[in-house]
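Everything on this sheet refers to the single structure shown next.
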Protein chains: 2
Amino acid sequence: MGRRLYDLAAAEDDRRFSPFCWRVRLALRHKGLTFETVPWRFTEKEAIAPSGQGRVPVLVDGERWLSDSWAIAEYLEAAYPGPSLFGGPAGKALSRFVCDWVDTILVPLLFRLIAPDIVAQIAEKDRDYFRNTREARLGRPLESLLPEREHHRAVLHDALAPLRRTLRNQACLCGDGPAWGDMAVFGALQWCRCISPFEVLSPAAPGQSDPVWTWRERMLDAYGGEGRRTPAAVA
Amino acid sequence: MGRRLYDLAAAEDDRRFSPFCWRVRLALRHKGLTFETVPWRFTEKEAIAPSGQGRVPVLVDGERWLSDSWAIAEYLEAAYPGPSLFGGPAGKALSRFVCDWVDTILVPLLFRLIAPDIVAQIAEKDRDYFRNTREARLGRPLESLLPEREHHRAVLHDALAPLRRTLRNQACLCGDGPAWGDMAVFGALQWCRCISPFEVLSPAAPGQSDPVWTWRERMLDAYGGEGRRTPAAVA
């Protein structure tokens with residue numbers, strides 16, 4: 001039957017940028033599973049209707065339709081042997097905290113940095129949908145975020161302090177190599193890289209390196225360069 | 001030989017309030033180890049000189065002097081069987097991230113809420129030391145924080161969003177029961193409870209409960225009520 005992942009795409013089919021789809025793509029690779037991806041746009045709700053909801057990632061594994069990145073990770077961990085995504089019950093419980101940190105802290109901050117670029121780079125048929133839903137949430141035009149970028153990047157830099165400190169002591173968030181927690185954080189940074197030419201990580205202090213930056217490079221190279229194959233957005 | 005923990009005390013010997021010592025107290029209980037605690041003040045550097053540094057927690061286990069809460073946790077995990085503090089390599093790696101989140105995000109925010117009370121509640125001989133070192137770091141008098149309390153509590157509430165979301169889905173940060181990650185977060189809240197009458201957690205919305213609050217209650221009761229035996233500070 002095979003496996004297919006409905007994967008959020010921008011104007012071009014090969015520009016995939018959902019932070020939550022990126023988690024699942026790397027998780028499938030982590031488990032050594034083959035899959036094809038299907039470019040999907042925000043407004044193509046019918047295509048994923050069998051999943052019972054309207055957002056991606058949606059994974060179709062044989063006859064089974066799955067949605068929600070956390071539920072997909074739980075499914076993959078239970079259904080397939082091979083390298084663990086969580087590393088046991090404690091690792092799973094703590095991985096959930098990492099996801100919650102990404103979703104409640106990082107994603108809202110990153111959104112403020114890249115939202116004006118998203119609307120410019122997505123498929124034309126998606127633009128009204130994206131602008132209307134996001135401006136309703138934000139309470140003002142997306143473009144009003146542009147003059148605030150340096151400020152929000154500095155706020156993000158401070159919010160990344162715990163990750164930066166952890167990555168000074170170990171190669172990945174989950175240990176020596178990447179696992180689900182790494183994919184959750186990387187997915188958020190990859191979202192930015194693929195859809196916005198703005199560099200969200202602050203430049204490192206002269207003579208220093210940023211462990212978050214070097215870890216992101218390693219994550220781009222991981223799993224045969226799965227992340228790096230999608231080119232960075234250009235202005 | 002026995003085991004003794006040098007444990008930061010306020011004016012009264014039995015008011016112990018170091019967030020890092022609380023981690024170790026609960027970790028010793030988690031491992032089922034017996035120990036005595038020695039009340040220690042900021043200025044009693046000679047008492048812990050054999051540890052090679054000047055801060056608590058310091059654990060003396062037989063002939064061995066240990067310092068730094070993370071190093072002590074690693075030592076206990078390696079030296080003693082019984083319930084794990086980390087739950088394997090992934091759990092350990094992710095527990096480090098939790099500690100880094102507590103130390104870089106929560107502790108600085110909590111400090112702004114309780115610092116004026118700390119200076120009022122600690123031993124008289126410690127007050128100049130505490131005020132001078134902390135005001136040098138803060139750049140202004142500790143009491144200047146008092147009018148900002150409601151603001152900083154709201155900032156803390158937002159910073160606790162990931163923990164709140166996680167605890168809606170599981171009993172403890174590390175899974176069904178507490179482990180090192182829970183002790184790291186609890187230690188920071190217990191620091192506040194023991195030294196300041198100000199309630200750092202925002203009141204829950206009417207008709208709702210705060211999962212962080214109910215988890216803190218469970219942590220106070222855990223290990224035979226080790227945390228609750230130290231009474232909450234009063235004004």
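In the structure tokens, the first chain shown is A, the next is B, and so on; residue numbers restart at 1 for each chain, and ligands run from 1 in the order shown.
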Which neighbours of Tyr80 (chain B) fall inside 12 Å, counting only C-alpha atoms, when residues of the same chain fewer than 2 positions from it are skipped, and could you give them as a PDB file with C-alpha atoms, in the first residue's frame?
ATOM      1  CA  ALA B  27      16.431  12.982  44.970  1.00  0.00           C
ATOM      2  CA  LEU B  28      17.841  11.408  48.131  1.00  0.00           C
ATOM      3  CA  ARG B  29      14.295  10.453  49.176  1.00  0.00           C
ATOM      4  CA  HIS B  30      13.558   9.175  45.652  1.00  0.00           C
ATOM      5  CA  LYS B  31      16.511   6.812  46.007  1.00  0.00           C
ATOM      6  CA  GLY B  32      15.347   5.773  49.474  1.00  0.00           C
ATOM      7  CA  LEU B  33      18.537   7.031  51.124  1.00  0.00           C
ATOM      8  CA  ASP B  61      28.498  10.765  51.340  1.00  0.00           C
ATOM      9  CA  ILE B  72      25.050  15.163  42.667  1.00  0.00           C
ATOM     10  CA  ALA B  73      22.127  13.732  40.680  1.00  0.00           C
ATOM     11  CA  GLU B  74      24.555  12.001  38.314  1.00  0.00           C
ATOM     12  CA  TYR B  75      26.454  10.624  41.275  1.00  0.00           C
ATOM     13  CA  LEU B  76      23.332   9.315  43.013  1.00  0.00           C
ATOM     14  CA  GLU B  77      22.057   7.726  39.802  1.00  0.00           C
ATOM     15  CA  ALA B  78      25.367   5.937  39.229  1.00  0.00           C
ATOM     16  CA  GLY B  82      16.385   1.884  43.106  1.00  0.00           C
ATOM     17  CA  PRO B  83      14.051   4.208  41.225  1.00  0.00           C
ATOM     18  CA  SER B  84      15.850   6.086  38.464  1.00  0.00           C
ATOM     19  CA  LEU B  85      16.183   9.852  38.609  1.00  0.00           C
TER      20      LEU B  85
END
Per residue of region 51-113 of chain B within 8 Å of region 10-23 of chain B, record the nearest atom pair and its distance in Å to one decimal, counting only C-alpha atoms, with rows in chain order and ascending residue number, as CSV.
residue,atom,partner,partner_atom,distance
B:Val56,CA,B:Cys21,CA,6.7
B:Pro57,CA,B:Cys21,CA,4.9
B:Ser69,CA,B:Phe20,CA,6.0
Produce a table with one row for each residue of chain A that has an atom at most 6 Å from any atom of chain B, each row naming the nearest atom pair and its distance in Å at one decimal; use only C-alpha atoms; arrange rows by chain and rising residue number; format as a tab-separated table.
residue	atom	partner	partner_atom	distance
A:Gly87	CA	B:Ala90	CA	5.3
A:Ala90	CA	B:Cys174	CA	5.2
A:Gly91	CA	B:Gly91	CA	4.3
A:Ala93	CA	B:Gly175	CA	5.0
A:Leu94	CA	B:Cys174	CA	5.6
A:Phe97	CA	B:Thr166	CA	5.5
A:Asp100	CA	B:Pro162	CA	4.7
A:Trp101	CA	B:Pro162	CA	4.7
A:Thr104	CA	B:Pro162	CA	5.9
A:Pro162	CA	B:Trp101	CA	4.7
A:Thr166	CA	B:Phe97	CA	5.5
A:Cys174	CA	B:Ala90	CA	5.2
A:Gly175	CA	B:Ala93	CA	5.0
Write out, as a short mmCIF file (atom, residue, chain, number, x, y, z; two decimals), in the first residue's frame, the residues just selected, with C-alpha atoms.
data_model
loop_
_atom_site.label_atom_id
_atom_site.label_comp_id
_atom_site.auth_asym_id
_atom_site.auth_seq_id
_atom_site.Cartn_x
_atom_site.Cartn_y
_atom_site.Cartn_z
CA GLY A 87 13.86 6.63 24.46
CA ALA A 90 10.58 9.22 30.81
CA GLY A 91 11.97 10.31 27.46
CA ALA A 93 7.02 12.37 28.92
CA LEU A 94 9.86 14.89 28.68
CA PHE A 97 7.30 19.04 27.42
CA ASP A 100 4.78 22.12 24.46
CA TRP A 101 7.72 24.51 24.84
CA THR A 104 3.63 27.73 23.26
CA PRO A 162 17.77 26.96 27.83
CA THR A 166 21.81 22.36 26.92
CA CYS A 174 17.72 14.05 23.27
CA GLY A 175 21.32 12.95 23.80
#
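Using only C-alpha atoms, the contacts of Gly52 (chain B) at a cut-off of 10 Å, with sequence neighbours closer than 4 positions omitted, comprise Ile48, Trp65, Leu66 and Ser67 of chain B.
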*Could you name the residues that touch Arg168 (chain B) at 10 Å or less, counting only C-alpha atoms, but leaving out those on the same chain fewer than 6 positions away, as an MDAnalysis selection string?*
chainID B and resid 210:212 215
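Around Val155 (chain A), within 12 Å and counting only C-alpha atoms, the residues found are Ile105, Leu106, Pro108, Leu109, Leu110, Arg112, Leu113, Glu148, Arg149, Glu150, His151, His152, Arg153, His157, Asp158, Ala159, Leu160, Ala161, Val200, Leu201 and Ser202 of chain A, once anything fewer than 2 positions away on its own chain is removed.
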For the residues in the current selection, export N, CA, C and O atoms as a compact mmCIF listing (two decimals), in the first residue's frame.
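And here's result38.txt as it stands now:
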# COMPACT_ATOMS: atom_id res chain seq x y z
N ILE A 105 5.89 28.65 23.17
CA ILE A 105 6.88 29.73 23.29
C ILE A 105 7.53 30.03 21.93
O ILE A 105 7.47 31.16 21.43
N LEU A 106 8.15 29.02 21.32
CA LEU A 106 8.94 29.31 20.10
C LEU A 106 8.07 29.65 18.90
O LEU A 106 8.33 30.64 18.19
N PRO A 108 4.99 30.91 18.50
CA PRO A 108 4.43 32.27 18.47
C PRO A 108 5.49 33.35 18.24
O PRO A 108 5.23 34.35 17.56
N LEU A 109 6.69 33.17 18.82
CA LEU A 109 7.76 34.16 18.60
C LEU A 109 8.23 34.13 17.15
O LEU A 109 8.44 35.18 16.52
N LEU A 110 8.42 32.93 16.62
CA LEU A 110 8.89 32.81 15.24
C LEU A 110 7.85 33.34 14.26
O LEU A 110 8.20 33.95 13.24
N ARG A 112 5.98 35.84 14.59
CA ARG A 112 6.12 37.30 14.49
C ARG A 112 7.29 37.71 13.60
O ARG A 112 7.32 38.81 13.05
N LEU A 113 8.25 36.82 13.48
CA LEU A 113 9.41 37.13 12.63
C LEU A 113 9.15 36.83 11.15
O LEU A 113 9.72 37.48 10.28
N GLU A 148 9.26 45.52 13.64
CA GLU A 148 9.54 45.01 15.00
C GLU A 148 10.51 43.83 14.98
O GLU A 148 10.76 43.22 16.02
N ARG A 149 11.04 43.50 13.82
CA ARG A 149 11.80 42.26 13.69
C ARG A 149 13.01 42.17 14.62
O ARG A 149 13.23 41.14 15.26
N GLU A 150 13.78 43.23 14.68
CA GLU A 150 14.98 43.14 15.51
C GLU A 150 14.60 42.92 16.98
O GLU A 150 15.25 42.16 17.70
N HIS A 151 13.53 43.59 17.39
CA HIS A 151 13.06 43.40 18.76
C HIS A 151 12.65 41.94 19.00
O HIS A 151 13.09 41.33 19.98
N HIS A 152 11.84 41.40 18.10
CA HIS A 152 11.37 40.03 18.31
C HIS A 152 12.51 39.02 18.20
O HIS A 152 12.50 37.98 18.87
N ARG A 153 13.50 39.31 17.38
CA ARG A 153 14.65 38.41 17.31
C ARG A 153 15.42 38.40 18.62
O ARG A 153 15.92 37.35 19.06
N HIS A 157 16.02 35.25 21.01
CA HIS A 157 17.36 34.89 21.49
C HIS A 157 17.32 34.55 22.99
O HIS A 157 17.89 33.55 23.43
N ASP A 158 16.63 35.38 23.75
CA ASP A 158 16.52 35.11 25.20
C ASP A 158 15.70 33.85 25.46
O ASP A 158 16.03 33.08 26.37
N ALA A 159 14.66 33.64 24.68
CA ALA A 159 13.81 32.46 24.88
C ALA A 159 14.57 31.18 24.57
O ALA A 159 14.24 30.11 25.09
N LEU A 160 15.58 31.27 23.71
CA LEU A 160 16.37 30.08 23.35
C LEU A 160 17.48 29.78 24.35
O LEU A 160 18.23 28.81 24.18
N ALA A 161 17.58 30.58 25.41
CA ALA A 161 18.66 30.39 26.39
C ALA A 161 18.74 28.96 26.93
O ALA A 161 19.84 28.40 27.00
N VAL A 200 16.45 34.01 11.57
CA VAL A 200 15.82 34.20 12.87
C VAL A 200 16.80 34.09 14.03
O VAL A 200 16.53 34.62 15.12
N LEU A 201 17.91 33.41 13.85
CA LEU A 201 18.90 33.31 14.92
C LEU A 201 19.77 34.56 14.91
O LEU A 201 20.25 34.98 13.86
N SER A 202 19.97 35.12 16.07
CA SER A 202 20.80 36.32 16.18
C SER A 202 22.24 35.96 15.83
O SER A 202 22.70 34.85 16.12
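One distance worth recording is that between CA of Thr43 (chain B) and CA of Glu135 (chain B), which is 16.8 Å.
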*Excluding same-chain residues fewer than 2 positions from Glu226 (chain B), what lies within 12 Å of it counting only C-alpha atoms, as a PyMOL selection string?*
chain B and resi 16+22-30+183+187+190+217-224+228-231
*Pick out each residue of chain A that DSSP on the backbone tags as helix (DSSP H, G or I); I need them as JSON, numbers by chain.*
{"A": [19, 20, 21, 22, 23, 24, 25, 26, 27, 28, 29, 30, 46, 47, 48, 49, 50, 51, 69, 70, 71, 72, 73, 74, 75, 76, 77, 78, 79, 88, 89, 90, 91, 92, 93, 94, 95, 96, 97, 98, 99, 100, 101, 102, 103, 104, 105, 106, 107, 108, 109, 110, 111, 112, 113, 114, 115, 116, 117, 118, 119, 120, 121, 124, 125, 126, 127, 128, 129, 130, 131, 132, 133, 134, 135, 136, 137, 138, 142, 143, 144, 145, 146, 147, 148, 149, 150, 151, 152, 153, 154, 155, 156, 157, 158, 159, 161, 162, 163, 164, 165, 166, 167, 168, 169, 180, 181, 182, 183, 184, 185, 186, 187, 188, 189, 190, 191, 192, 193, 194, 195, 211, 212, 213, 214, 215, 216, 217, 218, 219, 220, 221, 222, 223, 224, 225]}
Go ahead and write the residues just picked, C-alpha atoms, as a short mmCIF file (atom, residue, chain, number, x, y, z; two decimals), in the first residue's frame.
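Below is the file part_13.cif, written as the result:
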data_model
loop_
_atom_site.label_atom_id
_atom_site.label_comp_id
_atom_site.auth_asym_id
_atom_site.auth_seq_id
_atom_site.Cartn_x
_atom_site.Cartn_y
_atom_site.Cartn_z
CA PRO A 19 6.98 22.89 11.34
CA PHE A 20 4.75 19.94 12.24
CA CYS A 21 5.20 18.14 8.91
CA TRP A 22 8.96 18.46 9.28
CA ARG A 23 8.78 16.62 12.58
CA VAL A 24 7.02 13.72 10.89
CA ARG A 25 9.31 13.64 7.85
CA LEU A 26 12.36 13.27 10.06
CA ALA A 27 10.57 10.74 12.29
CA LEU A 28 9.79 8.55 9.28
CA ARG A 29 13.45 8.72 8.27
CA HIS A 30 14.52 8.02 11.87
CA GLU A 46 -11.17 17.81 0.94
CA ALA A 47 -7.93 16.02 0.11
CA ILE A 48 -7.41 15.17 3.78
CA ALA A 49 -11.06 14.80 4.80
CA PRO A 50 -10.67 11.05 5.52
CA SER A 51 -8.43 12.05 8.43
CA SER A 69 2.19 15.18 14.79
CA TRP A 70 2.26 13.89 18.38
CA ALA A 71 -0.30 11.17 17.63
CA ILE A 72 1.69 10.21 14.54
CA ALA A 73 4.88 9.95 16.59
CA GLU A 74 3.11 7.72 19.12
CA TYR A 75 1.80 5.57 16.29
CA LEU A 76 5.20 5.22 14.62
CA GLU A 77 6.87 4.38 17.92
CA ALA A 78 4.31 1.65 18.67
CA ALA A 79 4.02 0.25 15.15
CA GLY A 88 11.42 5.12 26.93
CA PRO A 89 8.59 6.41 29.14
CA ALA A 90 10.58 9.22 30.81
CA GLY A 91 11.97 10.31 27.46
CA LYS A 92 8.46 10.35 26.03
CA ALA A 93 7.02 12.37 28.92
CA LEU A 94 9.86 14.89 28.68
CA SER A 95 9.59 15.00 24.87
CA ARG A 96 6.02 16.15 25.32
CA PHE A 97 7.30 19.04 27.42
CA VAL A 98 9.73 19.95 24.64
CA CYS A 99 6.85 19.98 22.11
CA ASP A 100 4.78 22.12 24.46
CA TRP A 101 7.72 24.51 24.84
CA VAL A 102 8.08 24.75 21.07
CA ASP A 103 4.34 25.20 20.51
CA THR A 104 3.63 27.73 23.26
CA ILE A 105 6.88 29.73 23.29
CA LEU A 106 8.94 29.31 20.10
CA VAL A 107 6.25 29.07 17.41
CA PRO A 108 4.43 32.27 18.47
CA LEU A 109 7.76 34.16 18.60
CA LEU A 110 8.89 32.81 15.24
CA PHE A 111 5.52 33.63 13.71
CA ARG A 112 6.12 37.30 14.49
CA LEU A 113 9.41 37.13 12.63
CA ILE A 114 8.24 35.38 9.47
CA ALA A 115 4.50 35.91 9.02
CA PRO A 116 4.88 38.72 6.44
CA ASP A 117 7.11 36.43 4.36
CA ILE A 118 4.74 33.48 4.61
CA VAL A 119 1.92 35.38 2.98
CA ALA A 120 4.24 36.43 0.16
CA GLN A 121 5.61 32.93 -0.49
CA GLU A 124 -1.89 32.42 -4.43
CA LYS A 125 -5.06 30.51 -3.65
CA ASP A 126 -3.99 30.24 0.01
CA ARG A 127 -3.20 33.90 0.58
CA ASP A 128 -6.60 35.25 1.59
CA TYR A 129 -7.20 32.30 3.89
CA PHE A 130 -3.83 32.72 5.57
CA ARG A 131 -4.03 36.49 5.90
CA ASN A 132 -7.58 36.50 7.23
CA THR A 133 -7.11 33.78 9.83
CA ARG A 134 -3.74 35.07 11.04
CA GLU A 135 -4.64 38.76 11.13
CA ALA A 136 -7.79 37.91 13.12
CA ARG A 137 -5.53 36.21 15.68
CA LEU A 138 -2.88 38.96 15.62
CA LEU A 142 0.87 41.05 9.18
CA GLU A 143 3.09 43.71 7.61
CA SER A 144 2.93 45.74 10.83
CA LEU A 145 5.31 43.13 12.27
CA LEU A 146 8.12 44.10 9.89
CA PRO A 147 9.49 47.11 11.78
CA GLU A 148 9.54 45.01 15.00
CA ARG A 149 11.80 42.26 13.69
CA GLU A 150 14.98 43.14 15.51
CA HIS A 151 13.06 43.40 18.76
CA HIS A 152 11.37 40.03 18.31
CA ARG A 153 14.65 38.41 17.31
CA ALA A 154 16.19 39.62 20.55
CA VAL A 155 13.21 38.20 22.50
CA LEU A 156 13.66 34.90 20.66
CA HIS A 157 17.36 34.89 21.49
CA ASP A 158 16.52 35.11 25.20
CA ALA A 159 13.81 32.46 24.88
CA ALA A 161 18.66 30.39 26.39
CA PRO A 162 17.77 26.96 27.83
CA LEU A 163 18.33 25.20 24.50
CA ARG A 164 21.62 27.04 24.00
CA ARG A 165 22.84 25.98 27.42
CA THR A 166 21.81 22.36 26.92
CA LEU A 167 23.54 22.17 23.55
CA ARG A 168 26.79 23.37 25.11
CA ASN A 169 26.82 20.10 27.06
CA TRP A 180 11.62 13.41 18.61
CA GLY A 181 12.47 16.38 20.86
CA ASP A 182 15.14 17.50 18.41
CA MET A 183 12.70 17.14 15.52
CA ALA A 184 10.16 19.31 17.33
CA VAL A 185 12.61 22.18 17.78
CA PHE A 186 14.24 21.74 14.38
CA GLY A 187 10.84 21.71 12.66
CA ALA A 188 10.18 25.21 13.97
CA LEU A 189 13.52 26.54 12.73
CA GLN A 190 13.15 24.72 9.41
CA TRP A 191 9.71 26.32 8.96
CA CYS A 192 11.48 29.68 9.06
CA ARG A 193 14.37 28.65 6.87
CA CYS A 194 12.13 27.33 4.10
CA ILE A 195 9.64 30.19 3.96
CA PRO A 211 25.44 26.04 19.78
CA VAL A 212 21.89 26.38 18.44
CA TRP A 213 23.24 27.39 15.05
CA THR A 214 25.72 24.50 14.86
CA TRP A 215 23.06 22.03 16.04
CA ARG A 216 20.69 23.30 13.33
CA GLU A 217 23.44 22.62 10.77
CA ARG A 218 23.79 19.07 12.09
CA MET A 219 20.03 18.58 11.92
CA LEU A 220 19.99 19.82 8.31
CA ASP A 221 22.61 17.17 7.48
CA ALA A 222 20.94 14.38 9.48
CA TYR A 223 19.04 11.54 7.78
CA GLY A 224 20.92 11.93 4.53
CA GLY A 225 20.37 15.68 4.37
#
